[in-house]
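**Student:** Sharing a structure below in structure tokens format, with a few things to ask.
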Amino acid sequence: MKHLSPHQIFKLCLILPVIAVLCSFLLSPGITDAWSQFRLPPFTPKPGAFLILMILFTLPNSFPLSFLARSIHFERNKALKLFLVSYFFLFFWPILLFEYQVSIFALVWTVTLNLINGCLFLQLFLIRPKSAFWLLPYLLWCVFLCCLNLGILILN
């Protein structure tokens, strides 16, 4: 990525989580049906608000991701791989829960996502502590997803 300017790298890092979330929701067209079929916990947002919140809580990841993409730190590749694995898990979570309605597996999936995010936070904290704190909204959102998934599992 040395031939891209820092501004172009940041744009790419900004687009990556948005594409992951939007494609995930496009591949699970039954999300609104599942929303009406499930008994949901009282803290559950509406489907449209849920999509917007999911995008908003992943956007701050762009700052540490763009830093890592430009970094020459020897641990950079490990952290970049953790970012990609995290987005992979985030991508498939709505599909598993709302399209296939496998709530137990989706819960295990979100717990794994949270463990990956914890490792990502620690890895990024070792590389650049200030960048790691940009992950906190995303970490909290993934904990919320896990609580939501657990609430759906208990209520259904």
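By convention in this document, the chains of the structure tokens carry letters A, B, ... by their order, each chain's residues are numbered from 1, and ligands are numbered from 1 in the order they are shown.
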Region 30-142 of chain A near region 8-17 of chain A within 10 Å: what's each residue's closest atom pair and its distance in Å to one decimal, counting only C-alpha atoms, ordered by chain then ascending residue number, as CSV?
**Tutor:**
```
residue,atom,partner,partner_atom,distance
A:Met54,CA,A:Pro17,CA,9.3
A:Ile55,CA,A:Pro17,CA,7.1
A:Leu56,CA,A:Pro17,CA,9.5
A:Phe57,CA,A:Pro17,CA,9.5
A:Thr58,CA,A:Pro17,CA,6.0
A:Leu59,CA,A:Leu14,CA,6.4
A:Pro60,CA,A:Leu14,CA,8.3
A:Asn61,CA,A:Leu14,CA,7.9
A:Ser62,CA,A:Cys13,CA,4.9
A:Phe63,CA,A:Phe10,CA,7.3
A:Pro64,CA,A:Cys13,CA,9.0
A:Leu65,CA,A:Cys13,CA,6.2
A:Ser66,CA,A:Phe10,CA,5.2
A:Phe67,CA,A:Phe10,CA,8.3
A:Ala69,CA,A:Ile9,CA,7.3
A:Arg70,CA,A:Ile9,CA,8.0
A:Leu84,CA,A:Leu16,CA,9.6
A:Tyr87,CA,A:Pro17,CA,7.1
A:Leu90,CA,A:Pro17,CA,9.2
A:Phe91,CA,A:Pro17,CA,9.0
```
**Student:** From chain A, collect each residue whose DSSP state is alpha helix (DSSP H) and return the set as a ChimeraX atom specification.
**Tutor:** /A:6-26,31-37,47-58,62-70,76-94,103-127,129-132,136-155
**Student:** Can you work out the spacing between CA of Asn156 (chain A) and CA of Leu115 (chain A) in Å, to one decimal?
**Tutor:**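 Calculated distance between CA of Asn156 (chain A) and CA of Leu115 (chain A) is 25.2 Å.
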**Student:** Within 10 Å of Trp35 (chain A), counting only C-alpha atoms, which residues qualify if same-chain residues fewer than 2 places away don't, as a list in words?
**Tutor:**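 With the cut-off at 10 Å, the set is Gly30, Ile31, Thr32, Asp33, Gln37, Phe38, Arg39, Leu40, Thr44, Lys46, Pro47 and Phe98 of chain A.
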**Student:** Which residues are close to Pro94 (chain A), i.e. within 10 Å by only C-alpha atoms, leaving aside same-chain residues fewer than 6 positions away? Reply as a count of residues only.
**Tutor:** 11
**Student:** I'd like the contact shell of Leu96 (chain A) - 8 Å cut-off, only C-alpha atoms, skipping same-chain residues fewer than 6 positions apart - returned as a ChimeraX atom specification.
**Tutor:** /A:102-103,105-106
**Student:** Which value, in Å to one decimal, gives the distance between CA of Trp109 (chain A) and CA of Phe43 (chain A)?
**Tutor:**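 Separation between CA of Trp109 (chain A) and CA of Phe43 (chain A): 20.6 Å.
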**Student:** Give me the residues within 10 Å of Leu120 (chain A) as a VMD selection string, counting only C-alpha atoms and dropping any in the same chain fewer than 5 places off.
**Tutor:** chain A and resid 78 to 83 85 to 86 114 to 115 125 to 126 132 135 139
**Student:** How many Å separate CA of Phe50 (chain A) from CA of Thr110 (chain A)?
**Tutor:**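 Distance between the two atoms: 16.0 Å.
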**Student:** Considering only C-alpha atoms, return as a list in words whatever protein or nucleic-acid residues lie within 12 Å of Pro42 (chain A), sequence-local ones (same chain, fewer than 6 positions apart) excluded.
**Tutor:**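 Residues meeting the cut-off are Cys147, Leu148, Gly151, Ile152 and Leu155 of chain A.
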